[in-house]
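As structure tokens, the structure follows; a few thoughts come after it.
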Amino acid sequence: MNQKPTKNQQATSQQNWMLVIAVVALAVIPLVFVQGEYGGADGEAQKAITEIQPDYKPWFNHLFEPASGEIASLLFATQAALGAGAIGYAIGLYKGRSQSQQSDDKSPLE
């Protein structure tokens with residue numbers, strides 16, 4: 001019952017780990033080597049609006065103000081991850097249904 005992985009499975013596993021390492025490196029390298037402040041588009045937009053019209057008053061205030069920028073970033077990243085998960089689930093669901101229908105169409109009628 002205990003089967004050894006084939007060479008193809010080992011190569012695929014090795015490729016997957018190399019991709020994981022590459023993704024982690026792409027995420028970490030800019031944080032380590034790029035100096036400066038990481039700001040969002042909201043701050044840039046507010047600065048541009050203030051330059052154009054200094055007496056501008058916002059129409060409404062935030063319903064919830066995070067305690068720090070890190071918490072706001074965490075909430076944004078969580079929202080992005082949930083959205084990506086939902087989209088990935090929907091794509092996988094429809095692809096699975098499509099493949100199931102294709103395999104049903106190819107099966108002989110009884």
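Residue numbers start at 1 in each chain; chains themselves are named A, B, ... in the order of the structure tokens; ligands are numbered from 1 in the order shown.
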Next on the checklist: So that I can check the secondary structure, give me every residue of range 32-68 of chain A assigned alpha helix (DSSP H) by backbone DSSP, as a list of chain:residue names.
Outcome noted: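 Taking range 32-68 of chain A and keeping alpha helix (DSSP H) gives A:Val32, A:Phe33, A:Ala41, A:Asp42, A:Gly43, A:Glu44, A:Ala45, A:Gln46, A:Lys47, A:Ala48, A:Ile49, A:Thr50, A:Glu51, A:Ile52.
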Extract, using only C-alpha atoms, all DNA, RNA and protein residues at most 12 Å from range 76-82 of chain A, discarding same-chain residues fewer than 6 positions from it, and format them as a short mmCIF file (atom, residue, chain, number, x, y, z; two decimals) with N, CA, C and O atoms, in the first residue's frame.
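Done, and the output landed in selection-v8.cif:
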```cif
data_model
loop_
_atom_site.label_atom_id
_atom_site.label_comp_id
_atom_site.auth_asym_id
_atom_site.auth_seq_id
_atom_site.Cartn_x
_atom_site.Cartn_y
_atom_site.Cartn_z
N GLY A 40 -0.21 54.54 1.11
CA GLY A 40 -1.24 54.10 0.20
C GLY A 40 -1.74 55.22 -0.69
O GLY A 40 -1.29 56.38 -0.60
N PRO A 66 -9.07 52.31 12.22
CA PRO A 66 -8.12 51.37 12.84
C PRO A 66 -7.14 52.10 13.75
O PRO A 66 -6.83 53.28 13.53
N GLY A 69 -1.70 52.13 11.23
CA GLY A 69 -1.60 51.81 9.81
C GLY A 69 -1.38 50.34 9.57
O GLY A 69 -1.82 49.79 8.56
N GLU A 70 -0.70 49.67 10.50
CA GLU A 70 -0.47 48.24 10.35
C GLU A 70 -1.77 47.46 10.42
O GLU A 70 -1.97 46.49 9.68
N GLY A 88 -11.19 32.38 -6.62
CA GLY A 88 -10.56 31.09 -6.92
C GLY A 88 -11.52 29.93 -6.74
O GLY A 88 -11.54 28.99 -7.54
N TYR A 89 -12.33 29.99 -5.69
CA TYR A 89 -13.33 28.94 -5.46
C TYR A 89 -14.34 28.90 -6.61
O TYR A 89 -14.67 27.81 -7.12
#
```
Item to check | Exercise: Tyr56 in chain A partners within 12 Å, only C-alpha atoms, chain neighbours under 6 positions left out, as a VMD selection string | outcome: chain A and resid 46 to 50
